[in-house]
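Reviewing the structure listed below.
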Amino acid sequence: MHPRYHFTGSTEFEIWNVTRRDTGVYTVNCTNDVGSDNTIITLDVQYAPSVKMENDPVYVHVGETADLFCVADANPIINTDMFSWKWLGKGEMEEMGEQIQDDATGQLTIQGATRVNAGRYQCTANNNIAPPASVAVQLVVRCGSNELYQDLSIMSCEHIMGATEWKSVLSRSSRRGLSGIRWRAEGIAPEQQRGCARERASRRSTSPGLLLPAL
């Protein structure tokens, strides 16, 4: 028997340094000169949560629904209000979206995603056993089929685009800085590109470094 498991007396059994792996059903056998009997004891080890995102980053097109899933490993699982979400981007987010929970999974649903929704979100799980656990996720909103909206101030350029077309343009434009970067979304119909340009123009006055100007 492992040294962590030991008897402290004729009727007492003790486990040192209990971990979640000790959770389970234990059978107790009692025997004397008259006979024997047994009983079952269930050990439920409770612990603080750990969390991870089901997908990171999450990509959607403008106007689509964005679903962010946060998965927790915790005991106990609190059926309501175990998960909370926070916007990590600049400024205030008046309405992040619908927050729901399904057992050990927290979900943030953003209907009709726009460029304003692009950025980083934080999911925190708290089952009332300290400490709570948090994880961040990046939401990327695409305009057309290739062009992306997201918070450039907290992401590297290569991580943002992740495409050979972007890297080649970046290398040619690096001397001009981020504001001088120009990128064409290949394969997008002209009318789609014009729509993206109009969205960029409306945003440029407040966040000049956030969006990529079209060629």
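Convention: chains lettered A, B, ... in structure tokens order; per-chain residue numbering from 1; ligands numbered from 1 as shown.
Taking only C-alpha atoms, the non-local environment of Glu14 in chain A within 9 Å (same-chain residues fewer than 6 positions away omitted) comprises Arg4, Tyr5, His6, Phe7 and Thr8 of chain A.
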**Study point:** Non-local contacts of range 98-104 of chain A (7 Å; only C-alpha atoms; under 6 positions in same chain excluded) as JSON, numbers by chain
**Key:** {"A": [71, 72, 77, 79, 80, 110]}
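A straight line drawn from CA of Phe83 in chain A to CA of Thr109 in chain A is 13.3 Å long.
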Check your understanding: Of the residues A:Thr31, A:Asn127, A:Gln122, A:Gln111, which is the one nearest to Lys86 in chain A, using only C-alpha atoms?
Key -> A:Gln122
Check your understanding: If you measure from CA of Trp16 in chain A to CA of Ser36 in chain A, what distance in Å do you get, rounded to one decimal?
Key -> 27.7 Å
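CA of Val34 in chain A to CA of Met1 in chain A spans 27.4 Å [interatomic distance, one decimal].
Restricting the calculation to only C-alpha atoms, the smallest distance between His61 in chain A and any of A:Ala125, A:Met82, A:Ala118, A:Val137 is found for A:Ala118.
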Practice item. May I have the residues within 9 Å of Thr39 in chain A as a PyMOL selection string, using only C-alpha atoms and disregarding those fewer than 5 positions away in the same chain? Key: chain A and resi 26-30
Practice item. Would you mind telling me which residue in A:Trp85, A:Tyr59, A:Tyr47, A:Phe13 lies nearest to Ala113 in chain A when using only C-alpha atoms? Key: A:Tyr59
Review point. Within 12 Å of Gly63 in chain A, counting only C-alpha atoms, which residues qualify if same-chain residues fewer than 6 places away don't, as number ranges by chain?
Key: A: 110-117, 141-144
Exercise: Asp73 in chain A partners within 7 Å, only C-alpha atoms, chain neighbours under 4 positions left out, as a PDB file with N, CA and C atoms, in the first residue's frame:
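Output (around-v8.pdb):
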ATOM      1  N   PRO A  49     -10.969  25.410 -10.271  1.00  0.00           N
ATOM      2  CA  PRO A  49     -11.038  25.140 -11.714  1.00  0.00           C
ATOM      3  C   PRO A  49      -9.735  25.431 -12.449  1.00  0.00           C
ATOM      4  N   SER A  50      -9.586  24.753 -13.575  1.00  0.00           N
ATOM      5  CA  SER A  50      -8.644  25.136 -14.626  1.00  0.00           C
ATOM      6  C   SER A  50      -9.481  25.276 -15.893  1.00  0.00           C
ATOM      7  N   VAL A  51      -9.057  26.165 -16.804  1.00  0.00           N
ATOM      8  CA  VAL A  51      -9.873  26.442 -17.979  1.00  0.00           C
ATOM      9  C   VAL A  51      -9.024  26.485 -19.240  1.00  0.00           C
TER      10      VAL A  51
END
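Shortest atom-to-atom contact with Leu43 in chain A among A:Ala66, A:Val60, A:Cys123, A:Val18: A:Val18, counting only C-alpha atoms.
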